Amino acid sequence: MERPRHQGMAKNTYMRWRLPLICLLWEVAMIVLFGVFVRFGPEADAHWEEEKRELNLTSDMENDFYFRYPSFQDVHVMIFVGFGFLMTFLKRYGFGAVGFNFLLAAFGIQWALLMQGWFHSFKNGKILIGVENLINADFCVGSVCIAFGAILGKTSPIQLLVMTLFQVTLFSVNEYILLNLLHVKDAGGSMTIHTFGAYFGLTVTRILYRPNLEQSKDKQGSVYHSDLFAMIGTLYLWMYWPSFNSAISEHGDAQHRSAINTYCSLAACVLTTMAFSSMLQKKGKLDMVHIQNATLAGGVAVGTSAEMMLTPYGSLIVGSISGIVSTVGYVYFTPFLESRLHIQDTCGIHNLHAMPGLIGGIVGAITAAAATEDVYGKEGFIKAFDFTGVYQTRTPSVQGGFQAAGIVVSLLMAFVGGAIVGGILKLPIWGDAASENCFEDEVYWEVPEDEESDVYHMHNPDKPASP
Amino acid sequence: MERPRHQGMAKNTYMRWRLPLICLLWEVAMIVLFGVFVRFGPEADAHWEEEKRELNLTSDMENDFYFRYPSFQDVHVMIFVGFGFLMTFLKRYGFGAVGFNFLLAAFGIQWALLMQGWFHSFKNGKILIGVENLINADFCVGSVCIAFGAILGKTSPIQLLVMTLFQVTLFSVNEYILLNLLHVKDAGGSMTIHTFGAYFGLTVTRILYRPNLEQSKDKQGSVYHSDLFAMIGTLYLWMYWPSFNSAISEHGDAQHRSAINTYCSLAACVLTTMAFSSMLQKKGKLDMVHIQNATLAGGVAVGTSAEMMLTPYGSLIVGSISGIVSTVGYVYFTPFLESRLHIQDTCGIHNLHAMPGLIGGIVGAITAAAATEDVYGKEGFIKAFDFTGVYQTRTPSVQGGFQAAGIVVSLLMAFVGGAIVGGILKLPIWGDAASENCFEDEVYWEVPEDEESDVYHMHNPDKPASP
Amino acid sequence: MERPRHQGMAKNTYMRWRLPLICLLWEVAMIVLFGVFVRFGPEADAHWEEEKRELNLTSDMENDFYFRYPSFQDVHVMIFVGFGFLMTFLKRYGFGAVGFNFLLAAFGIQWALLMQGWFHSFKNGKILIGVENLINADFCVGSVCIAFGAILGKTSPIQLLVMTLFQVTLFSVNEYILLNLLHVKDAGGSMTIHTFGAYFGLTVTRILYRPNLEQSKDKQGSVYHSDLFAMIGTLYLWMYWPSFNSAISEHGDAQHRSAINTYCSLAACVLTTMAFSSMLQKKGKLDMVHIQNATLAGGVAVGTSAEMMLTPYGSLIVGSISGIVSTVGYVYFTPFLESRLHIQDTCGIHNLHAMPGLIGGIVGAITAAAATEDVYGKEGFIKAFDFTGVYQTRTPSVQGGFQAAGIVVSLLMAFVGGAIVGGILKLPIWGDAASENCFEDEVYWEVPEDEESDVYHMHNPDKPASP
């Protein structure tokens, strides 16, 4: 930290050699590993013409690129603009919110391409990638962005990079267990992305508990324009969530259905969020924190079931409930978590991702257990749950059981992994700031000396003027 | 209102029970109605594999999802970010602009899925929905967002929800009359969305006329950064308008043509708007109000004709004219409407939607009347105007006449409907603010106590400091 | 200029008749030329049904619209929101950044449709346009937006329109030489868009050198929120760059491959940019200028080679290097260019576009020269480099030589063209502002009198209060 107010609490936040070193080291590692392992998949390789002939495809349109690329771009926007700007609500941490999210996501997608590649796209010693891998890498990083929300403003960029490395690894293992070993369906990632990411982040922030965080309380709020910047993030997440939940579903009806279910769930969620935001406040006014966050819970909560025959009214019900749960969470649970459990959750990811993620997992399990050949059609039933090969004889109720097991596994991975990674991040070598300097861009960023800040200082005579 | 300056004018803006009640009531109604009526259409249903076989489709690519989903997402962005941020130009009404737009649109799309579903997608007692229904629901809500522009800052969220309920209903009736009874073409909605939505909103704001609105005049302007936020809205509307006008056109050439015509019209519109913005101001400077709004008139004005053989140069002409008309409107008509006709049009929707909408309807009628088999080709001619079944013998000039009739019907529906709904909204039970507190987020929102507002108060000693 | 501080330096920035005149004149010219020349291409024309039959196409999906429209929209966002908002970083030039970018791009795309149409889509006396033409027009205008970055804040809107007219013309000639005469591949435009655009702009700004520009030094910086607005531009450019580089590649594997390569390159670029941003600053803090700009160099640097078999690890290497080069450029080259070569480069386009563009050209030449039938497959090899017709016998190494020649031609066109156009813009008739009034929106825009500006004046007692 540059200018400590209380000498005794000064911490070394000097990044000059540590941050470059870790960035360059990891990028070199990525280049080497990509060089050894990563190649274009058959649909992105110049041999595509031959591939087409072999597969008897008559049109370039059958290339997976055209089925998924528009959804990929929407997901991409969600990760970088959606999560990035959603977290700019803090008055003096906009650079950190957008900038560190950018950094960790850019690193994370490279490492995720490798990790997920080894598990899912490994053929003859090479990872063969295509547009679906890009989407999955973005998804994986999404879980890191979620965890970042819990520790926003309290960690150094190095800590974030270290966390990303471990979390992407654990995510991929968890995902492998769920999708391949348990044969669980989770296209929108209620369990793999949201439940895992949120409880992982909450465990990390618990381990990194700062007893004196109220010293930076004046910076934990928003200002008028920072709330509007955050709404950019909110709206892009909200609008593109149908793409998120449908991006890696099966071609055809499954993608179509996922988008519709998510659209319905999110629409309902907005109304119940507004209702409870007003209801739970004495003056009856709406709170931007709820509008920015709880309106998105509906997308999380249909993540598992969106591609199933949840039906539009089912989606409305799930969306309505998750909006209520999430808003109530902001009003009652977040203060409770902080005061009683020492979980300091900057963005309230417990309300936006953890609880709705659990709801999503449960709804998915129920929807799967309730599936019938009548509702899905004979072929549709097999296709929807991939009841082929060794899973040919699995029944819906068994599938529901495995779905529920997926929730438990995700929670366990999150708690154990979060505890270990939290412990690593607690080492005093990563350059995090003192509690009094949390939520302040000046620690890691060149911040322009602007009029606003003049005014700020003018009205806060206690604070020393910037040099 | 919380802290009335003049006791005599105090109004009860307390939302705590009214807003939650109406939100929850309506969401429950939606759930019940969706439960009874709404199901997945064949392309989103798990029976799709069987459907494909029946229709002899060889590829999942033939699912309508892949023809329309990218356009749908663009339209979705226009409704929520485009309209939402376009209205953030007011210095102290950014939360209301983005937040209330979010609320009314989220409710409106649910109700629109039902209303439009009953009229257009009703089969065997069920509404079968697919991606085209989502687009149409967004379109319908677009007309409400337009009307919201006229009353921006002057109504309570409850009034907006009530207006949405009625306007969506009337929109759907009007759309049914035009598309099904008159067999009118209006893919980009010059008549159904813009003309109807704008004149509806103008009628409502006329009924809700506030004689003392100059009391909040200091808040009717923009600040530097709020103008930049508004430009986010402007640009997304401008960029994605080709998707708007082509989203529900026929597959193939019609979608392609609509996008090109709209692209051309909008490009031309920017130049004439800039020209007249500078020309009509003594100092010759450009006015952000015109750039934010009139540049979009070109998209409105080709809404009906974009899918027809308007030709690129035709589009340039229409775009040029609409930019001029719209800019002139902002300079001369808006003040006139307010002072003489008592129409207080906050965002100037008369200039951006009403007049360009009328131009769009007229251009559509002319373009239809001028159609020949030579220009369209025999098949193309029939396909473009759907001259099949009972319309097999309709001639272009007759079609032009019906198109013109569509304008008249839309105007009538807007005036009559707006008057009735305006009357309902005038009831003193909806919690709207006193005129002196219009355009102020503090009435319905928790607003952060920030530096800017400190400054604001400092420079406005008359205003009591916030508690 | 309205209120000159020093009478002697006053310049006439009055736009009232000049700007409208040039806008209207040019729009009329566009209408006439479009009327004479521009028609719908076969895939956007109502005769499409007959076309389909002739080409034996079984599905509307085969219409190029569905292959390219999603990418087109992404590119469209990059040009208008990406470039527009990237340049809003200046504290008092946000209107000019977004607004003038809007103006010049809207004019430029019309003129580009004509210029590129005459060269590439001219059949039987008509230019036949489709979605690919729209993309190419956006690309062409992209090079003008780049050049605008060098002269940002120092020119009048009229100068920008004049520059656009000439630059689009020269761009189209250069593009024709490269693509048609040299048979060079450059789908992402490292040479045609970035190298040409950047060196053109740098030459223009050299000619327009302002020795007294330090008089407006206080306005050349950013403020906190303007840096966040700029990040909107950065992220949209970064996220959609895969669409940029793949938008006009061949259907199928080439589009797919371009997107993957660009995704990888950009991810790597972020890490090396962050590393060097911290390393090159004494305090080790990150600089928003680098994050906003250098993170994008990776997209520029794979512009030529992205559709080739660059491979993912090759992309990581190129991205890493370009991030380093670009960041080093901001720290060392930009000050050097200004002090020694009198090149005042407002946005640092030399670092973001010029050097990475050259890298892109060189990488493209090497990748082409290294191509083998083994790597591409027999058919893929011919398809990738279009070695058909008169080019049937061209070898990869010869292709590499022609690629290198393309760089040289682009540089020559940029220097010569830029010098001529710079000379024209130096004429004292275009209404540019005095050096002391550069980077100030008030010169050409109605600027709201807001609190911030009150404060600003308060803290700058030298500056006369606004009327």
# chains A, B, ... in the order shown; residues from 1 in each chain; ligands from 1
$ select_by_dssp --residues "region 266-338 of chain B" --states "helix (DSSP H, G or I)" --output "mmCIF file with N, CA, C and O atoms, in the first residue's frame"
data_model
loop_
_atom_site.group_PDB
_atom_site.id
_atom_site.type_symbol
_atom_site.label_atom_id
_atom_site.label_comp_id
_atom_site.auth_asym_id
_atom_site.auth_seq_id
_atom_site.Cartn_x
_atom_site.Cartn_y
_atom_site.Cartn_z
ATOM 1 N N LEU B 266 -30.768 4.112 -42.003
ATOM 2 C CA LEU B 266 -30.201 4.661 -40.772
ATOM 3 C C LEU B 266 -28.936 5.456 -41.035
ATOM 4 O O LEU B 266 -28.682 6.482 -40.386
ATOM 5 N N ALA B 267 -28.125 4.976 -41.980
ATOM 6 C CA ALA B 267 -26.888 5.702 -42.288
ATOM 7 C C ALA B 267 -27.204 7.095 -42.814
ATOM 8 O O ALA B 267 -26.594 8.088 -42.403
ATOM 9 N N ALA B 268 -28.173 7.160 -43.724
ATOM 10 C CA ALA B 268 -28.551 8.458 -44.292
ATOM 11 C C ALA B 268 -29.120 9.376 -43.217
ATOM 12 O O ALA B 268 -28.846 10.585 -43.188
ATOM 13 N N CYS B 269 -29.898 8.804 -42.338
ATOM 14 C CA CYS B 269 -30.576 9.569 -41.302
ATOM 15 C C CYS B 269 -29.588 10.314 -40.404
ATOM 16 O O CYS B 269 -29.846 11.434 -39.967
ATOM 17 N N VAL B 270 -28.438 9.688 -40.139
ATOM 18 C CA VAL B 270 -27.438 10.329 -39.280
ATOM 19 C C VAL B 270 -26.956 11.631 -39.906
ATOM 20 O O VAL B 270 -26.830 12.654 -39.228
ATOM 21 N N LEU B 271 -26.732 11.605 -41.208
ATOM 22 C CA LEU B 271 -26.195 12.813 -41.851
ATOM 23 C C LEU B 271 -27.189 13.961 -41.861
ATOM 24 O O LEU B 271 -26.827 15.106 -41.581
ATOM 25 N N THR B 272 -28.439 13.674 -42.184
ATOM 26 C CA THR B 272 -29.399 14.780 -42.224
ATOM 27 C C THR B 272 -29.707 15.281 -40.812
ATOM 28 O O THR B 272 -29.953 16.471 -40.611
ATOM 29 N N THR B 273 -29.672 14.377 -39.835
ATOM 30 C CA THR B 273 -29.882 14.819 -38.453
ATOM 31 C C THR B 273 -28.779 15.780 -38.022
ATOM 32 O O THR B 273 -29.058 16.846 -37.456
ATOM 33 N N MET B 274 -27.531 15.406 -38.293
ATOM 34 C CA MET B 274 -26.406 16.272 -37.926
ATOM 35 C C MET B 274 -26.546 17.625 -38.634
ATOM 36 O O MET B 274 -26.338 18.683 -38.038
ATOM 37 N N ALA B 275 -26.890 17.568 -39.912
ATOM 38 C CA ALA B 275 -27.023 18.800 -40.685
ATOM 39 C C ALA B 275 -28.054 19.720 -40.059
ATOM 40 O O ALA B 275 -27.788 20.899 -39.806
ATOM 41 N N PHE B 276 -29.224 19.206 -39.774
ATOM 42 C CA PHE B 276 -30.292 20.066 -39.261
ATOM 43 C C PHE B 276 -30.081 20.435 -37.794
ATOM 44 O O PHE B 276 -30.517 21.494 -37.356
ATOM 45 N N SER B 277 -29.411 19.569 -37.043
ATOM 46 C CA SER B 277 -29.131 19.911 -35.654
ATOM 47 C C SER B 277 -28.263 21.159 -35.598
ATOM 48 O O SER B 277 -28.493 22.065 -34.792
ATOM 49 N N SER B 278 -27.278 21.207 -36.451
ATOM 50 C CA SER B 278 -26.388 22.372 -36.490
ATOM 51 C C SER B 278 -27.097 23.580 -37.099
ATOM 52 O O SER B 278 -26.961 24.706 -36.629
ATOM 53 N N MET B 279 -27.868 23.328 -38.140
ATOM 54 C CA MET B 279 -28.492 24.417 -38.885
ATOM 55 C C MET B 279 -29.547 25.158 -38.072
ATOM 56 O O MET B 279 -29.694 26.381 -38.186
ATOM 57 N N MET B 288 -27.084 17.140 -28.414
ATOM 58 C CA MET B 288 -27.117 15.706 -28.118
ATOM 59 C C MET B 288 -28.531 15.143 -28.170
ATOM 60 O O MET B 288 -28.709 13.949 -28.472
ATOM 61 N N VAL B 289 -29.530 15.933 -27.858
ATOM 62 C CA VAL B 289 -30.910 15.438 -27.919
ATOM 63 C C VAL B 289 -31.222 14.938 -29.330
ATOM 64 O O VAL B 289 -31.835 13.880 -29.505
ATOM 65 N N HIS B 290 -30.776 15.679 -30.329
ATOM 66 C CA HIS B 290 -31.052 15.263 -31.703
ATOM 67 C C HIS B 290 -30.244 14.027 -32.071
ATOM 68 O O HIS B 290 -30.762 13.086 -32.685
ATOM 69 N N ILE B 291 -28.970 14.038 -31.695
ATOM 70 C CA ILE B 291 -28.111 12.898 -32.044
ATOM 71 C C ILE B 291 -28.627 11.635 -31.366
ATOM 72 O O ILE B 291 -28.610 10.551 -31.947
ATOM 73 N N GLN B 292 -29.084 11.773 -30.132
ATOM 74 C CA GLN B 292 -29.580 10.605 -29.397
ATOM 75 C C GLN B 292 -30.876 10.049 -29.984
ATOM 76 O O GLN B 292 -31.158 8.859 -29.839
ATOM 77 N N ASN B 293 -31.655 10.888 -30.598
ATOM 78 C CA ASN B 293 -32.987 10.452 -31.002
ATOM 79 C C ASN B 293 -33.240 10.460 -32.504
ATOM 80 O O ASN B 293 -33.634 9.442 -33.075
ATOM 81 N N ALA B 294 -33.036 11.607 -33.139
ATOM 82 C CA ALA B 294 -33.440 11.737 -34.537
ATOM 83 C C ALA B 294 -32.655 10.813 -35.455
ATOM 84 O O ALA B 294 -33.137 10.429 -36.527
ATOM 85 N N THR B 295 -31.441 10.436 -35.042
ATOM 86 C CA THR B 295 -30.660 9.502 -35.860
ATOM 87 C C THR B 295 -31.331 8.139 -36.001
ATOM 88 O O THR B 295 -30.938 7.343 -36.846
ATOM 89 N N LEU B 296 -32.312 7.877 -35.146
ATOM 90 C CA LEU B 296 -32.992 6.582 -35.174
ATOM 91 C C LEU B 296 -34.250 6.594 -36.029
ATOM 92 O O LEU B 296 -34.834 5.542 -36.312
ATOM 93 N N ALA B 297 -34.671 7.786 -36.423
ATOM 94 C CA ALA B 297 -35.931 7.903 -37.167
ATOM 95 C C ALA B 297 -35.907 7.074 -38.450
ATOM 96 O O ALA B 297 -36.940 6.560 -38.890
ATOM 97 N N GLY B 298 -34.729 6.953 -39.039
ATOM 98 C CA GLY B 298 -34.614 6.175 -40.271
ATOM 99 C C GLY B 298 -34.997 4.710 -40.091
ATOM 100 O O GLY B 298 -35.477 4.070 -41.036
ATOM 101 N N GLY B 299 -34.760 4.177 -38.914
ATOM 102 C CA GLY B 299 -35.159 2.795 -38.664
ATOM 103 C C GLY B 299 -36.662 2.650 -38.558
ATOM 104 O O GLY B 299 -37.258 1.701 -39.071
ATOM 105 N N VAL B 300 -37.288 3.632 -37.895
ATOM 106 C CA VAL B 300 -38.750 3.631 -37.762
ATOM 107 C C VAL B 300 -39.413 3.754 -39.131
ATOM 108 O O VAL B 300 -40.377 3.043 -39.433
ATOM 109 N N ALA B 301 -38.843 4.645 -39.946
ATOM 110 C CA ALA B 301 -39.519 5.024 -41.186
ATOM 111 C C ALA B 301 -39.449 3.968 -42.289
ATOM 112 O O ALA B 301 -40.138 4.093 -43.304
ATOM 113 N N PRO B 312 -32.002 0.090 -52.057
ATOM 114 C CA PRO B 312 -31.096 0.857 -51.201
ATOM 115 C C PRO B 312 -31.247 2.373 -51.377
ATOM 116 O O PRO B 312 -31.231 3.120 -50.395
ATOM 117 N N TYR B 313 -31.413 2.851 -52.610
ATOM 118 C CA TYR B 313 -31.515 4.314 -52.748
ATOM 119 C C TYR B 313 -32.848 4.812 -52.203
ATOM 120 O O TYR B 313 -32.928 5.908 -51.636
ATOM 121 N N GLY B 314 -33.879 4.001 -52.352
ATOM 122 C CA GLY B 314 -35.158 4.357 -51.728
ATOM 123 C C GLY B 314 -35.002 4.508 -50.221
ATOM 124 O O GLY B 314 -35.530 5.433 -49.605
ATOM 125 N N SER B 315 -34.229 3.603 -49.643
ATOM 126 C CA SER B 315 -33.996 3.656 -48.200
ATOM 127 C C SER B 315 -33.232 4.911 -47.812
ATOM 128 O O SER B 315 -33.527 5.535 -46.787
ATOM 129 N N LEU B 316 -32.247 5.282 -48.621
ATOM 130 C CA LEU B 316 -31.506 6.513 -48.325
ATOM 131 C C LEU B 316 -32.442 7.717 -48.326
ATOM 132 O O LEU B 316 -32.340 8.604 -47.472
ATOM 133 N N ILE B 317 -33.347 7.750 -49.283
ATOM 134 C CA ILE B 317 -34.280 8.883 -49.370
ATOM 135 C C ILE B 317 -35.176 8.918 -48.131
ATOM 136 O O ILE B 317 -35.319 9.955 -47.481
ATOM 137 N N VAL B 318 -35.758 7.775 -47.797
ATOM 138 C CA VAL B 318 -36.647 7.722 -46.631
ATOM 139 C C VAL B 318 -35.889 8.097 -45.363
ATOM 140 O O VAL B 318 -36.364 8.882 -44.530
ATOM 141 N N GLY B 319 -34.680 7.550 -45.216
ATOM 142 C CA GLY B 319 -33.883 7.852 -44.034
ATOM 143 C C GLY B 319 -33.536 9.329 -43.944
ATOM 144 O O GLY B 319 -33.624 9.942 -42.870
ATOM 145 N N SER B 320 -33.168 9.923 -45.069
ATOM 146 C CA SER B 320 -32.812 11.347 -45.082
ATOM 147 C C SER B 320 -33.987 12.209 -44.647
ATOM 148 O O SER B 320 -33.854 13.097 -43.805
ATOM 149 N N ILE B 321 -35.129 11.922 -45.227
ATOM 150 C CA ILE B 321 -36.316 12.725 -44.906
ATOM 151 C C ILE B 321 -36.685 12.577 -43.431
ATOM 152 O O ILE B 321 -36.952 13.563 -42.741
ATOM 153 N N SER B 322 -36.655 11.355 -42.943
ATOM 154 C CA SER B 322 -37.103 11.160 -41.562
ATOM 155 C C SER B 322 -36.153 11.814 -40.569
ATOM 156 O O SER B 322 -36.591 12.308 -39.525
ATOM 157 N N GLY B 323 -34.864 11.842 -40.887
ATOM 158 C CA GLY B 323 -33.924 12.537 -40.013
ATOM 159 C C GLY B 323 -34.237 14.022 -39.934
ATOM 160 O O GLY B 323 -34.187 14.640 -38.859
ATOM 161 N N ILE B 324 -34.576 14.595 -41.072
ATOM 162 C CA ILE B 324 -34.917 16.021 -41.118
ATOM 163 C C ILE B 324 -36.199 16.289 -40.330
ATOM 164 O O ILE B 324 -36.250 17.163 -39.471
ATOM 165 N N VAL B 325 -37.230 15.513 -40.639
ATOM 166 C CA VAL B 325 -38.515 15.701 -39.970
ATOM 167 C C VAL B 325 -38.362 15.586 -38.458
ATOM 168 O O VAL B 325 -38.887 16.388 -37.678
ATOM 169 N N SER B 326 -37.608 14.586 -38.042
ATOM 170 C CA SER B 326 -37.468 14.333 -36.620
ATOM 171 C C SER B 326 -36.713 15.478 -35.926
ATOM 172 O O SER B 326 -37.125 15.948 -34.858
ATOM 173 N N THR B 327 -35.633 15.941 -36.523
ATOM 174 C CA THR B 327 -34.863 17.026 -35.913
ATOM 175 C C THR B 327 -35.675 18.315 -35.864
ATOM 176 O O THR B 327 -35.690 19.019 -34.844
ATOM 177 N N VAL B 328 -36.340 18.622 -36.959
ATOM 178 C CA VAL B 328 -37.211 19.801 -36.970
ATOM 179 C C VAL B 328 -38.266 19.672 -35.875
ATOM 180 O O VAL B 328 -38.588 20.642 -35.185
ATOM 181 N N GLY B 329 -38.753 18.460 -35.708
ATOM 182 C CA GLY B 329 -39.740 18.222 -34.659
ATOM 183 C C GLY B 329 -39.218 18.580 -33.282
ATOM 184 O O GLY B 329 -39.917 19.238 -32.498
ATOM 185 N N TYR B 330 -37.999 18.168 -32.987
ATOM 186 C CA TYR B 330 -37.447 18.486 -31.672
ATOM 187 C C TYR B 330 -37.324 19.988 -31.464
ATOM 188 O O TYR B 330 -37.561 20.501 -30.368
ATOM 189 N N VAL B 331 -36.950 20.691 -32.506
ATOM 190 C CA VAL B 331 -36.725 22.139 -32.353
ATOM 191 C C VAL B 331 -38.038 22.913 -32.312
ATOM 192 O O VAL B 331 -38.206 23.814 -31.492
ATOM 193 N N TYR B 332 -38.983 22.563 -33.175
ATOM 194 C CA TYR B 332 -40.194 23.376 -33.273
ATOM 195 C C TYR B 332 -41.461 22.729 -32.716
ATOM 196 O O TYR B 332 -42.275 23.390 -32.087
ATOM 197 N N PHE B 333 -41.670 21.426 -32.990
ATOM 198 C CA PHE B 333 -42.955 20.825 -32.637
ATOM 199 C C PHE B 333 -43.092 20.560 -31.140
ATOM 200 O O PHE B 333 -44.151 20.781 -30.557
ATOM 201 N N THR B 334 -42.006 20.053 -30.526
ATOM 202 C CA THR B 334 -42.108 19.695 -29.108
ATOM 203 C C THR B 334 -42.511 20.887 -28.244
ATOM 204 O O THR B 334 -43.440 20.776 -27.428
ATOM 205 N N PRO B 335 -41.853 22.036 -28.404
ATOM 206 C CA PRO B 335 -42.303 23.198 -27.609
ATOM 207 C C PRO B 335 -43.754 23.576 -27.930
ATOM 208 O O PRO B 335 -44.525 23.924 -27.036
ATOM 209 N N PHE B 336 -44.107 23.478 -29.200
ATOM 210 C CA PHE B 336 -45.472 23.803 -29.614
ATOM 211 C C PHE B 336 -46.481 22.854 -28.977
ATOM 212 O O PHE B 336 -47.502 23.279 -28.424
ATOM 213 N N LEU B 337 -46.186 21.572 -29.030
ATOM 214 C CA LEU B 337 -47.090 20.579 -28.439
ATOM 215 C C LEU B 337 -47.309 20.862 -26.961
ATOM 216 O O LEU B 337 -48.414 20.755 -26.447
ATOM 217 N N GLU B 338 -46.223 21.233 -26.287
ATOM 218 C CA GLU B 338 -46.340 21.466 -24.858
ATOM 219 C C GLU B 338 -47.128 22.738 -24.555
ATOM 220 O O GLU B 338 -48.072 22.722 -23.753
#
$ residues_around --residues "region 170-186 of chain B" --least-positions-apart "2" --cutoff "9 Å" --atoms "only C-alpha atoms" --output "PyMOL selection string"
chain B and resi 112+115-116+119-120+140+143+165-168+188-193+196-197+303-305+307+361+364+368+384-386+391+399-400+402-403+405-407+409-410+413-414+417
$ atom_distance --atom1 "CA of Val447 (chain B)" --atom2 "CA of Phe229 (chain C)"
21.5 Å
$ closest_residue --among "A:Glu446, A:Asp432, A:Glu62, A:Glu214" --to "chain B" --atoms "only C-alpha atoms"
A:Glu62
$ closest_residue --among "A:Pro428, A:Gly125, A:Gly418, A:Gly94" --to "chain C" --atoms "only C-alpha atoms"
A:Gly94
$ residues_around --residues "region 255-263 of chain A" --least-positions-apart "4" --cutoff "8 Å" --atoms "only C-alpha atoms" --output "number ranges by chain"
A: 241-243, 245-251, 267, 298-299, 302-303, 306-312, 315; B: 40, 43-45, 65, 130-131, 134
$ closest_residue --among "B:Ile343, B:Ile151, B:Ile232, B:Leu202" --to "chain A" --atoms "only C-alpha atoms"
B:Ile232
$ closest_residue --among "B:Lys426, B:Lys378, B:His47, B:Lys383" --to "chain A" --atoms "only C-alpha atoms"
B:His47
$ atom_distance --atom1 "CA of Gln159 (chain B)" --atom2 "CA of Pro20 (chain B)"
13.3 Å
$ residues_around --residues "region 82-89 of chain B" --least-positions-apart "6" --cutoff "9 Å" --atoms "only C-alpha atoms" --output "PyMOL selection string"
(chain A and resi 228+232) or (chain B and resi 76+95-102+142+145-146+149+152+221-238+289+292-293+347)
$ residues_around --residues "region 51-54 of chain A" --least-positions-apart "2" --cutoff "12 Å" --atoms "only C-alpha atoms" --output "ChimeraX atom specification"
/A:41-49,56-64 /C:252-253,377,379-380
$ closest_residue --among "C:Pro448, C:Pro70, C:Pro396, C:Gly389" --to "chain A" --atoms "only C-alpha atoms"
C:Pro70
$ atom_distance --atom1 "CA of Asn133 (chain C)" --atom2 "CA of Val162 (chain C)"
22.6 Å
